[in-house]
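Have a look at work38.cif; it's mmCIF, C-alpha atoms:
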data_query
#
loop_
_atom_site.label_atom_id
_atom_site.label_comp_id
_atom_site.auth_asym_id
_atom_site.auth_seq_id
_atom_site.Cartn_x
_atom_site.Cartn_y
_atom_site.Cartn_z
CA MET A 1 61.32 42.94 -30.98
CA LYS A 2 57.54 42.49 -30.81
CA LEU A 3 55.00 42.37 -33.61
CA TYR A 4 51.38 43.23 -32.78
CA ASP A 5 49.90 40.97 -35.34
CA TYR A 6 46.70 39.59 -36.85
CA ALA A 7 47.11 36.19 -38.49
CA ALA A 8 44.47 36.79 -41.20
CA SER A 9 45.77 40.22 -42.29
CA ALA A 10 47.95 40.27 -45.41
CA ASN A 11 49.41 43.56 -44.15
CA CYS A 12 50.67 41.62 -41.13
CA TYR A 13 51.72 38.62 -43.23
CA LYS A 14 53.97 40.86 -45.36
CA VAL A 15 55.95 41.75 -42.24
CA ARG A 16 56.10 38.13 -41.04
CA LEU A 17 57.46 37.12 -44.46
CA LEU A 18 60.27 39.68 -44.35
CA LEU A 19 61.11 38.81 -40.73
CA ALA A 20 61.36 35.14 -41.72
CA GLN A 21 63.64 35.93 -44.64
CA LEU A 22 65.82 38.17 -42.45
CA GLY A 23 66.04 35.36 -39.91
CA ALA A 24 64.95 37.83 -37.22
CA GLU A 25 63.74 36.69 -33.82
CA TYR A 26 60.60 38.36 -32.55
CA GLU A 27 57.65 37.89 -30.28
CA ARG A 28 54.29 37.74 -31.94
CA ILE A 29 51.49 39.47 -29.96
CA PRO A 30 48.14 38.29 -31.35
CA ILE A 31 45.57 41.06 -31.79
CA ASP A 32 42.01 39.83 -32.32
CA ILE A 33 40.79 42.67 -34.54
CA PHE A 34 37.17 41.45 -34.62
CA GLY A 35 37.21 40.59 -30.93
CA GLY A 36 37.62 44.28 -30.09
CA ASP A 37 41.35 44.18 -29.32
CA THR A 38 42.11 47.30 -31.39
CA LEU A 39 39.26 49.29 -29.81
CA THR A 40 40.90 49.57 -26.38
CA ASP A 41 42.69 52.58 -24.93
CA GLU A 42 45.77 50.38 -24.55
CA PHE A 43 45.88 49.66 -28.27
CA ALA A 44 45.25 53.32 -29.17
CA ALA A 45 48.35 54.20 -27.14
CA ILE A 46 50.35 51.81 -29.35
CA ASN A 47 48.71 52.92 -32.61
CA PRO A 48 46.05 55.65 -32.61
CA ALA A 49 44.98 54.56 -36.12
CA ARG A 50 43.98 51.21 -34.52
CA SER A 51 45.46 49.22 -37.42
CA THR A 52 47.78 46.21 -37.47
CA PRO A 53 50.65 45.41 -37.76
CA VAL A 54 52.63 47.45 -35.24
CA LEU A 55 56.32 46.79 -34.59
CA GLU A 56 57.68 47.47 -31.10
CA HIS A 57 61.43 47.93 -31.27
CA PRO A 58 63.13 48.97 -29.05
CA PRO A 59 60.72 48.43 -26.13
CA GLY A 60 58.23 51.30 -25.87
CA HIS A 61 58.84 52.50 -29.45
CA TYR A 62 55.99 51.65 -31.80
CA LEU A 63 56.00 51.71 -35.60
CA PRO A 64 52.63 51.24 -37.37
CA GLU A 65 51.96 50.91 -41.13
CA SER A 66 53.02 47.64 -42.73
CA ASN A 67 55.11 49.21 -45.47
CA ALA A 68 56.88 51.54 -43.04
CA ILE A 69 57.83 48.44 -41.06
CA LEU A 70 59.08 46.70 -44.22
CA LEU A 71 61.30 49.68 -45.15
CA HIS A 72 62.59 50.04 -41.60
CA LEU A 73 63.44 46.35 -41.13
CA ALA A 74 65.00 46.08 -44.60
CA GLU A 75 67.16 49.22 -44.27
CA GLY A 76 70.76 48.35 -45.08
CA THR A 77 69.91 44.86 -46.37
CA PRO A 78 69.69 43.60 -49.97
CA PHE A 79 65.88 43.59 -49.58
CA PHE A 80 65.94 47.41 -49.83
CA PRO A 81 68.07 48.50 -52.80
CA ARG A 82 68.85 52.22 -52.96
CA ASP A 83 66.29 52.86 -55.68
CA PRO A 84 63.35 55.24 -55.17
CA GLN A 85 61.13 52.90 -57.19
CA VAL A 86 60.93 50.85 -53.97
CA TYR A 87 59.01 53.73 -52.40
CA ARG A 88 56.91 54.12 -55.53
CA TRP A 89 55.64 50.54 -55.48
CA LEU A 90 54.96 50.53 -51.74
CA PHE A 91 52.91 53.76 -51.93
CA PHE A 92 51.08 52.39 -54.98
CA GLU A 93 50.30 49.31 -52.92
CA GLN A 94 48.69 51.22 -50.06
CA ALA A 95 46.88 53.74 -52.27
CA ASP A 96 45.68 51.46 -55.08
CA VAL A 97 46.21 47.74 -54.38
CA VAL A 98 44.89 47.49 -50.82
CA PRO A 99 41.55 49.31 -51.38
CA ALA A 100 40.91 47.44 -54.63
CA ILE A 101 42.07 43.86 -54.06
CA GLY A 102 42.37 43.71 -50.27
CA GLY A 103 39.23 45.74 -49.62
CA LEU A 104 37.16 43.70 -52.07
CA ARG A 105 38.41 40.37 -50.72
CA PHE A 106 37.70 41.31 -47.09
CA ARG A 107 34.21 42.61 -47.81
CA LEU A 108 33.17 39.66 -49.98
CA ILE A 109 34.56 36.94 -47.70
CA THR A 110 33.08 38.46 -44.55
CA GLY A 111 29.68 39.31 -46.06
CA ARG A 112 30.11 43.10 -45.95
CA LEU A 113 29.48 43.36 -49.71
CA GLN A 114 27.68 41.24 -52.29
CA PRO A 115 29.47 40.74 -55.63
CA ASP A 116 26.90 42.74 -57.61
CA GLU A 117 26.76 45.83 -55.37
CA PRO A 118 28.11 49.07 -56.90
CA ASP A 119 31.01 49.32 -54.43
CA ALA A 120 32.04 45.74 -55.24
CA LEU A 121 31.89 46.43 -58.99
CA ARG A 122 33.93 49.62 -58.55
CA ARG A 123 36.58 47.78 -56.52
CA ARG A 124 36.65 44.90 -59.03
CA ALA A 125 37.27 47.30 -61.93
CA ALA A 126 40.04 49.03 -59.96
CA ALA A 127 41.55 45.63 -59.10
CA HIS A 128 41.69 44.62 -62.76
CA ASP A 129 43.38 47.96 -63.58
CA VAL A 130 45.97 47.20 -60.88
CA LEU A 131 46.55 43.66 -62.15
CA ALA A 132 46.91 44.83 -65.77
CA LEU A 133 49.40 47.49 -64.67
CA LEU A 134 51.46 44.96 -62.73
CA ASP A 135 51.28 42.46 -65.56
CA ALA A 136 52.73 44.99 -68.02
CA GLN A 137 55.42 45.96 -65.51
CA LEU A 138 56.40 42.36 -64.79
CA ALA A 139 56.36 41.26 -68.44
CA ALA A 140 59.72 43.01 -68.85
CA ARG A 141 61.43 42.07 -65.58
CA GLN A 142 61.80 39.36 -62.94
CA PHE A 143 60.98 41.51 -59.91
CA LEU A 144 59.45 44.95 -59.38
CA VAL A 145 62.65 46.90 -58.76
CA GLY A 146 66.10 46.42 -60.26
CA ASN A 147 65.58 42.73 -61.07
CA SER A 148 66.21 41.52 -57.56
CA TYR A 149 63.68 40.38 -54.96
CA GLY A 150 62.97 42.83 -52.17
CA VAL A 151 60.44 44.71 -50.06
CA ALA A 152 58.57 46.04 -53.10
CA ASP A 153 57.83 42.44 -54.09
CA ILE A 154 56.94 41.46 -50.53
CA GLY A 155 54.64 44.48 -50.21
CA LEU A 156 52.76 43.72 -53.42
CA TYR A 157 52.71 39.94 -52.95
CA GLY A 158 50.64 40.26 -49.76
CA TYR A 159 47.31 41.06 -51.38
CA VAL A 160 48.00 40.14 -55.04
CA HIS A 161 48.55 36.46 -54.23
CA VAL A 162 45.05 36.22 -52.74
CA ALA A 163 43.30 38.12 -55.55
CA GLY A 164 41.51 34.90 -56.46
CA GLU A 165 39.75 34.98 -53.07
CA ALA A 166 38.24 38.30 -54.16
CA GLY A 167 36.79 36.57 -57.22
CA LEU A 168 39.49 38.01 -59.46
CA GLU A 169 40.65 35.51 -62.07
CA LEU A 170 44.47 35.67 -62.36
CA GLU A 171 44.60 33.43 -65.44
CA PRO A 172 44.93 36.31 -67.98
CA TYR A 173 47.80 37.90 -66.04
CA THR A 174 50.64 35.63 -67.16
CA ALA A 175 53.46 37.87 -66.00
CA VAL A 176 51.88 38.34 -62.58
CA ARG A 177 51.52 34.57 -62.19
CA GLY A 178 55.16 34.05 -63.15
CA TRP A 179 56.23 36.65 -60.59
CA LEU A 180 54.11 35.04 -57.85
CA THR A 181 55.94 31.77 -58.56
CA ARG A 182 59.33 33.48 -58.42
CA VAL A 183 58.46 35.15 -55.09
CA GLU A 184 57.38 31.79 -53.68
CA ALA A 185 60.70 30.26 -54.75
CA GLN A 186 62.78 32.74 -52.72
CA PRO A 187 64.95 31.40 -49.87
CA GLY A 188 63.09 31.45 -46.57
CA PHE A 189 59.70 32.02 -48.19
CA VAL A 190 56.79 31.29 -45.84
CA ASN A 191 53.06 31.70 -46.18
CA ASP A 192 51.27 31.66 -42.85
CA LEU A 193 48.35 33.92 -43.86
CA ASP A 194 45.30 32.54 -42.05
CA PRO A 195 41.74 32.55 -43.38
CA TYR A 196 39.38 35.05 -41.75
CA PRO A 197 37.96 33.53 -38.54
CA ALA A 198 34.24 33.31 -37.79
CA ASN A 199 34.11 36.53 -35.77
CA ALA A 200 35.23 38.53 -38.84
CA THR A 201 31.83 37.92 -40.46
CA ALA A 202 29.70 41.06 -40.64
CA GLY A 203 27.75 41.47 -37.40
CA ALA A 204 29.65 38.74 -35.53
CA GLY A 205 32.34 40.82 -33.82
CA ARG A 206 33.39 44.29 -32.65
CA SER A 207 35.98 46.12 -34.73
CA ILE A 208 36.72 49.40 -36.52
CA TYR A 209 34.82 47.85 -39.44
CA ASP A 210 31.57 47.43 -37.49
CA MET B 1 64.76 67.72 -63.53
CA LYS B 2 61.17 67.80 -64.77
CA LEU B 3 57.93 67.63 -62.81
CA TYR B 4 54.81 66.42 -64.60
CA ASP B 5 52.46 68.48 -62.60
CA TYR B 6 48.83 69.53 -62.08
CA ALA B 7 48.43 72.93 -60.43
CA ALA B 8 45.21 72.03 -58.57
CA SER B 9 46.48 68.73 -57.11
CA ALA B 10 47.67 68.86 -53.50
CA ASN B 11 49.75 65.73 -54.23
CA CYS B 12 51.61 67.84 -56.82
CA TYR B 13 51.71 70.89 -54.56
CA LYS B 14 53.49 68.86 -51.85
CA VAL B 15 56.36 68.21 -54.27
CA ARG B 16 56.47 71.84 -55.42
CA LEU B 17 56.70 72.93 -51.77
CA LEU B 18 59.68 70.66 -51.05
CA LEU B 19 61.41 71.65 -54.30
CA ALA B 20 61.01 75.33 -53.34
CA GLN B 21 62.45 74.72 -49.87
CA LEU B 22 65.35 72.74 -51.33
CA GLY B 23 66.01 75.61 -53.74
CA ALA B 24 65.98 73.08 -56.58
CA GLU B 25 65.67 74.14 -60.21
CA TYR B 26 63.21 72.18 -62.29
CA GLU B 27 60.98 72.40 -65.30
CA ARG B 28 57.27 72.20 -64.68
CA ILE B 29 55.35 70.23 -67.34
CA PRO B 30 51.64 71.05 -66.96
CA ILE B 31 49.33 68.04 -67.21
CA ASP B 32 45.67 68.92 -67.74
CA ILE B 33 44.15 65.92 -65.91
CA PHE B 34 40.56 66.76 -66.88
CA GLY B 35 41.55 67.69 -70.42
CA GLY B 36 42.53 64.07 -71.05
CA ASP B 37 46.30 64.54 -70.74
CA THR B 38 46.75 61.47 -68.49
CA LEU B 39 44.67 59.25 -70.80
CA THR B 40 47.24 59.19 -73.63
CA ASP B 41 49.67 56.38 -74.47
CA GLU B 42 52.49 58.88 -74.00
CA PHE B 43 51.45 59.54 -70.39
CA ALA B 44 50.96 55.83 -69.66
CA ALA B 45 54.58 55.29 -70.71
CA ILE B 46 55.64 57.83 -68.07
CA ASN B 47 53.27 56.52 -65.40
CA PRO B 48 50.97 53.55 -66.11
CA ALA B 49 48.86 54.48 -63.05
CA ARG B 50 48.03 57.75 -64.91
CA SER B 51 48.43 59.81 -61.73
CA THR B 52 50.33 63.03 -61.09
CA PRO B 53 52.91 64.11 -60.01
CA VAL B 54 55.72 62.30 -61.83
CA LEU B 55 59.37 63.34 -61.42
CA GLU B 56 61.72 62.84 -64.38
CA HIS B 57 65.29 62.76 -63.16
CA PRO B 58 67.64 61.92 -64.79
CA PRO B 59 66.11 62.25 -68.28
CA GLY B 60 64.09 59.16 -69.20
CA HIS B 61 63.76 57.98 -65.58
CA TYR B 62 60.31 58.51 -64.13
CA LEU B 63 59.25 58.41 -60.49
CA PRO B 64 55.49 58.51 -59.74
CA GLU B 65 53.75 58.71 -56.33
CA SER B 66 54.00 62.05 -54.54
CA ASN B 67 55.38 60.66 -51.28
CA ALA B 68 57.99 58.54 -53.10
CA ILE B 69 59.14 61.75 -54.78
CA LEU B 70 59.28 63.56 -51.41
CA LEU B 71 61.41 60.81 -49.86
CA HIS B 72 63.70 60.63 -52.90
CA LEU B 73 64.27 64.39 -53.15
CA ALA B 74 64.76 64.76 -49.38
CA GLU B 75 67.22 61.86 -49.05
CA GLY B 76 70.34 63.07 -47.26
CA THR B 77 68.81 66.44 -46.32
CA PRO B 78 67.48 67.63 -42.95
CA PHE B 79 63.95 67.26 -44.38
CA PHE B 80 64.31 63.46 -44.09
CA PRO B 81 65.61 62.55 -40.62
CA ARG B 82 66.67 58.91 -40.17
CA ASP B 83 63.52 57.99 -38.29
CA PRO B 84 61.10 55.34 -39.59
CA GLN B 85 58.18 57.42 -38.30
CA VAL B 86 58.70 59.49 -41.47
CA TYR B 87 57.59 56.45 -43.47
CA ARG B 88 54.74 55.81 -41.08
CA TRP B 89 53.18 59.24 -41.53
CA LEU B 90 53.60 59.24 -45.31
CA PHE B 91 51.90 55.83 -45.64
CA PHE B 92 49.16 56.96 -43.26
CA GLU B 93 48.69 60.00 -45.51
CA GLN B 94 48.16 57.97 -48.67
CA ALA B 95 46.05 55.26 -47.02
CA ASP B 96 43.88 57.37 -44.70
CA VAL B 97 44.22 61.14 -45.27
CA VAL B 98 43.94 61.30 -49.06
CA PRO B 99 40.78 59.15 -49.45
CA ALA B 100 39.06 60.91 -46.54
CA ILE B 101 39.98 64.60 -46.80
CA GLY B 102 41.32 64.83 -50.37
CA GLY B 103 38.71 62.51 -51.84
CA LEU B 104 35.84 64.30 -50.09
CA ARG B 105 37.10 67.75 -51.09
CA PHE B 106 37.54 66.78 -54.76
CA ARG B 107 34.12 65.15 -55.06
CA LEU B 108 32.23 67.95 -53.28
CA ILE B 109 33.94 70.83 -55.14
CA THR B 110 33.55 69.21 -58.56
CA GLY B 111 29.97 68.02 -58.05
CA ARG B 112 30.78 64.30 -57.99
CA LEU B 113 29.14 63.92 -54.55
CA GLN B 114 26.49 65.82 -52.62
CA PRO B 115 27.21 66.44 -48.91
CA ASP B 116 24.39 64.18 -47.71
CA GLU B 117 25.20 61.11 -49.86
CA PRO B 118 26.36 58.01 -47.95
CA ASP B 119 29.85 58.07 -49.50
CA ALA B 120 30.27 61.72 -48.47
CA LEU B 121 29.13 60.98 -44.92
CA ARG B 122 31.49 58.01 -44.73
CA ARG B 123 34.43 60.11 -45.93
CA ARG B 124 33.51 62.95 -43.56
CA ALA B 125 33.52 60.59 -40.56
CA ALA B 126 36.89 59.15 -41.64
CA ALA B 127 38.24 62.70 -42.10
CA HIS B 128 37.25 63.66 -38.56
CA ASP B 129 38.94 60.51 -37.26
CA VAL B 130 42.11 61.54 -39.12
CA LEU B 131 41.96 65.11 -37.79
CA ALA B 132 41.39 63.93 -34.21
CA LEU B 133 44.34 61.54 -34.50
CA LEU B 134 46.61 64.29 -35.84
CA ASP B 135 45.38 66.73 -33.19
CA ALA B 136 46.33 64.32 -30.40
CA GLN B 137 49.70 63.64 -32.04
CA LEU B 138 50.49 67.35 -32.50
CA ALA B 139 49.32 68.37 -29.03
CA ALA B 140 52.57 66.97 -27.66
CA ARG B 141 55.03 68.12 -30.34
CA GLN B 142 55.88 70.89 -32.79
CA PHE B 143 56.15 68.70 -35.89
CA LEU B 144 55.18 65.14 -36.78
CA VAL B 145 58.61 63.51 -36.45
CA GLY B 146 61.43 64.33 -34.06
CA ASN B 147 60.32 67.94 -33.45
CA SER B 148 61.81 69.26 -36.68
CA TYR B 149 60.02 70.17 -39.90
CA GLY B 150 60.37 67.69 -42.73
CA VAL B 151 58.72 65.61 -45.45
CA ALA B 152 56.21 64.05 -43.04
CA ASP B 153 54.87 67.54 -42.35
CA ILE B 154 54.93 68.49 -46.04
CA GLY B 155 53.12 65.27 -46.95
CA LEU B 156 50.35 65.79 -44.40
CA TYR B 157 50.07 69.55 -44.91
CA GLY B 158 49.03 69.07 -48.56
CA TYR B 159 45.46 67.93 -47.93
CA VAL B 160 45.01 68.85 -44.25
CA HIS B 161 45.40 72.60 -44.91
CA VAL B 162 42.45 72.52 -47.34
CA ALA B 163 40.18 70.39 -45.12
CA GLY B 164 37.90 73.43 -44.79
CA GLU B 165 37.19 73.22 -48.53
CA ALA B 166 35.77 69.74 -47.87
CA GLY B 167 33.34 71.29 -45.38
CA LEU B 168 35.43 70.07 -42.44
CA GLU B 169 35.56 72.63 -39.65
CA LEU B 170 39.14 72.85 -38.29
CA GLU B 171 38.17 75.06 -35.33
CA PRO B 172 38.05 72.18 -32.75
CA TYR B 173 41.50 70.90 -33.78
CA THR B 174 43.66 73.43 -31.94
CA ALA B 175 46.90 71.51 -32.22
CA VAL B 176 46.40 70.91 -35.94
CA ARG B 177 45.79 74.64 -36.49
CA GLY B 178 48.94 75.52 -34.54
CA TRP B 179 50.95 73.06 -36.65
CA LEU B 180 49.55 74.49 -39.91
CA THR B 181 50.76 77.91 -38.76
CA ARG B 182 54.21 76.54 -37.92
CA VAL B 183 54.48 74.84 -41.32
CA GLU B 184 53.51 78.09 -43.04
CA ALA B 185 56.23 79.94 -41.09
CA GLN B 186 59.03 77.71 -42.41
CA PRO B 187 61.77 79.29 -44.55
CA GLY B 188 60.93 79.10 -48.24
CA PHE B 189 57.29 78.17 -47.63
CA VAL B 190 55.11 78.66 -50.72
CA ASN B 191 51.50 77.88 -51.44
CA ASP B 192 50.74 77.78 -55.14
CA LEU B 193 47.89 75.24 -54.97
CA ASP B 194 45.35 76.34 -57.58
CA PRO B 195 41.57 75.97 -57.30
CA TYR B 196 40.03 73.27 -59.50
CA PRO B 197 39.42 74.68 -63.00
CA ALA B 198 36.05 74.56 -64.78
CA ASN B 199 36.84 71.35 -66.70
CA ALA B 200 37.23 69.42 -63.41
CA THR B 201 33.46 69.68 -62.84
CA ALA B 202 31.69 66.33 -63.21
CA GLY B 203 30.79 65.78 -66.86
CA ALA B 204 32.86 68.71 -68.15
CA GLY B 205 36.11 66.94 -69.01
CA ARG B 206 37.77 63.63 -69.79
CA SER B 207 39.84 62.00 -67.04
CA ILE B 208 40.39 58.80 -65.06
CA TYR B 209 37.58 60.09 -62.81
CA ASP B 210 34.97 60.23 -65.62
#
Could I get this file's structure written as structure tokens?
Amino acid sequence: MKLYDYAASANCYKVRLLLAQLGAEYERIPIDIFGGDTLTDEFAAINPARSTPVLEHPPGHYLPESNAILLHLAEGTPFFPRDPQVYRWLFFEQADVVPAIGGLRFRLITGRLQPDEPDALRRRAAAHDVLALLDAQLAARQFLVGNSYGVADIGLYGYVHVAGEAGLELEPYTAVRGWLTRVEAQPGFVNDLDPYPANATAGAGRSIYD
Amino acid sequence: MKLYDYAASANCYKVRLLLAQLGAEYERIPIDIFGGDTLTDEFAAINPARSTPVLEHPPGHYLPESNAILLHLAEGTPFFPRDPQVYRWLFFEQADVVPAIGGLRFRLITGRLQPDEPDALRRRAAAHDVLALLDAQLAARQFLVGNSYGVADIGLYGYVHVAGEAGLELEPYTAVRGWLTRVEAQPGFVNDLDPYPANATAGAGRSIYD
């Protein structure tokens, strides 16, 4: 099993977290997004959307989309209870959480947006809507689905736990903070999300974002 | 089974299409998005993200997110083959297809964007990337996953078949056009997607978009 992986992507980190908790052995293939690694014909053959992560398993079979990988790896394990709310939270994550929190964080840290630009303000408002929604959801339960930890929590944890790096104050979201602590207390929890490297700065590298 | 539904939403139409092909009986609860129906406390209790569609089944249990509903309803049927590429295409749809094609179409038709504004140009470029990716994928196969029609096709068909209404010319995408025709030839195919009503026009109604 191989994971085409970028150390500073929370989408990739989500998969590494599940793999660690499953105790799965895999080979990590580093993809330097801002060094042009996803712009090659070779990478397009692995994933025409040119995104990371991509799981290769078995050899020659490629699965892109972080949450698709989470569902696939967790199939038949306690991390994926037979409850369609698992799907619900993972689609919500890609449609609403990633553009708001993840998109804002990436653009602010790498100098692609200034905090007072309209697109930053729009993403910040959307991010606070997301955090308020999650806070209300988590006020009544320990984890997102069925009161046990699983891929819905892993999927949402990826970008929510770094909301502060997007300038989003988590202090008012008590239930979210409690849930972050519970996720971090799970057996086998790891956090190996790297900071963005220098070549991720706007104008410094070659990527689908430039 | 109840579907909280908006006739002019392709996310809702996707679910209606699968329900028709499953021969499922359900009650359609019309939600007037631009008449303020999703802004009420009652709707927030059904779906705090205030989006449509929402499936209620069994009574009192609510499932939001169109693609979560597709996966849930198709579970155990031939529409959902045991292939993780089904997940991959449905996440790709929500992350890449909806903002590009669906978001552009909605904003142009309802006067929220003019075709030459930067956000429209950005979405148009992303939409052409999506269409080129799908065209390459479909050049080599009849359907998106495993050469049989299923929820991945239904999920992508929703917004791709109305790309023309976003000013996107489908003529160059031969394989996409062939696939649209094959989807439309499936047993039980229906298309009851309504045009946007007058109150969807920018400034005319009250919604999460205003």
Selection result for the PyMOL selection byres ((chain B) within 6 of (chain A)) on this file, as a PyMOL selection string:
chain B and resi 65+68+72+84+87-88+94-95
Could you pull the residues within 12 Å of segment 26-30 of chain A, counting all atoms listed in the file, minus those fewer than 5 positions along the same chain, as a PyMOL selection string?
chain A and resi 1-9+12-13+15-16+18-20+35+37-38+43+52-59
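Atom CA of Arg141 of chain A lies 14.3 Å from atom CA of Tyr173 of chain A.
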I need the residue nearest Gly155 of chain A from this list: A:Ala125, A:Val183, A:Leu104, A:Thr174. Use all atoms listed in the file for the distance.
A:Val183
For Thr181 of chain B, please output as a list in words all residues within 12 Å (counting all atoms listed in the file; exclusion window: fewer than 3 positions along the same chain).
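Everything that qualifies: Gln142, Phe143, Asp153, Tyr157, His161, Thr174, Ala175, Val176, Arg177, Gly178, Glu184, Ala185, Gln186 and Phe189 of chain B.
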Between atom CA of Gly111 of chain A and atom CA of Gly203 of chain A, what distance in Å does the model show, to one decimal?
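Atom-to-atom, atom CA of Gly111 of chain A and atom CA of Gly203 of chain A are spaced 9.1 Å apart.
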Option closest in space to Ala10 of chain B, from B:Arg124, B:Leu168, B:Val97, B:Thr110 [counting all atoms listed in the file]
B:Val97
For Asp192 of chain A, the nearest of the candidates A:Gly205, A:Gly158, A:Pro172, A:Gly36, counting all atoms listed in the file:
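Among the listed residues, the smallest separation from Asp192 of chain A belongs to A:Gly158.
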Applied to this file, what does the PyMOL selection byres ((chain A and resi 78) around 10) return in terms of residues, put as a PDB file with C-alpha atoms, in the coordinates of the input?
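Writing done, so here's part_32.pdb:
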ATOM      1  CA  ALA A  74      65.000  46.080 -44.600  1.00  0.00           C
ATOM      2  CA  GLU A  75      67.160  49.220 -44.270  1.00  0.00           C
ATOM      3  CA  GLY A  76      70.760  48.350 -45.080  1.00  0.00           C
ATOM      4  CA  THR A  77      69.910  44.860 -46.370  1.00  0.00           C
ATOM      5  CA  PHE A  79      65.880  43.590 -49.580  1.00  0.00           C
ATOM      6  CA  PHE A  80      65.940  47.410 -49.830  1.00  0.00           C
ATOM      7  CA  PRO A  81      68.070  48.500 -52.800  1.00  0.00           C
ATOM      8  CA  ARG A  82      68.850  52.220 -52.960  1.00  0.00           C
ATOM      9  CA  SER A 148      66.210  41.520 -57.560  1.00  0.00           C
ATOM     10  CA  TYR A 149      63.680  40.380 -54.960  1.00  0.00           C
ATOM     11  CA  GLY A 150      62.970  42.830 -52.170  1.00  0.00           C
ATOM     12  CA  VAL A 151      60.440  44.710 -50.060  1.00  0.00           C
TER      13      VAL A 151
END
Around all the atoms of segment 160-179 of chain A listed in the file, draw an axis-aligned box and extend it by 8 Å on each of the six sides; I want its centre and edge lengths in Å to one decimal, as AutoDock Vina command-line options.
--center_x 46.5 --center_y 36.8 --center_z -60.4 --size_x 35.4 --size_y 22.7 --size_z 31.2
Taking 3 positions as the minimum chain separation for residues in the same chain, which residues sit within 12 Å of Leu113 of chain B when counting all atoms listed in the file? Answer as a PDB file with C-alpha atoms, keeping the file's coordinate frame.
ATOM      1  CA  GLY B 103      38.710  62.510 -51.840  1.00  0.00           C
ATOM      2  CA  LEU B 104      35.840  64.300 -50.090  1.00  0.00           C
ATOM      3  CA  ARG B 105      37.100  67.750 -51.090  1.00  0.00           C
ATOM      4  CA  PHE B 106      37.540  66.780 -54.760  1.00  0.00           C
ATOM      5  CA  ARG B 107      34.120  65.150 -55.060  1.00  0.00           C
ATOM      6  CA  LEU B 108      32.230  67.950 -53.280  1.00  0.00           C
ATOM      7  CA  ILE B 109      33.940  70.830 -55.140  1.00  0.00           C
ATOM      8  CA  THR B 110      33.550  69.210 -58.560  1.00  0.00           C
ATOM      9  CA  ASP B 116      24.390  64.180 -47.710  1.00  0.00           C
ATOM     10  CA  GLU B 117      25.200  61.110 -49.860  1.00  0.00           C
ATOM     11  CA  PRO B 118      26.360  58.010 -47.950  1.00  0.00           C
ATOM     12  CA  ASP B 119      29.850  58.070 -49.500  1.00  0.00           C
ATOM     13  CA  ALA B 120      30.270  61.720 -48.470  1.00  0.00           C
ATOM     14  CA  LEU B 121      29.130  60.980 -44.920  1.00  0.00           C
ATOM     15  CA  ARG B 122      31.490  58.010 -44.730  1.00  0.00           C
ATOM     16  CA  ARG B 123      34.430  60.110 -45.930  1.00  0.00           C
ATOM     17  CA  ARG B 124      33.510  62.950 -43.560  1.00  0.00           C
ATOM     18  CA  ALA B 166      35.770  69.740 -47.870  1.00  0.00           C
ATOM     19  CA  THR B 201      33.460  69.680 -62.840  1.00  0.00           C
ATOM     20  CA  ALA B 202      31.690  66.330 -63.210  1.00  0.00           C
TER      21      ALA B 202
END
Can you measure atom CA of Asn147 of chain B to atom CA of Gly164 of chain B for me? One decimal in Å is fine.
25.7 Å
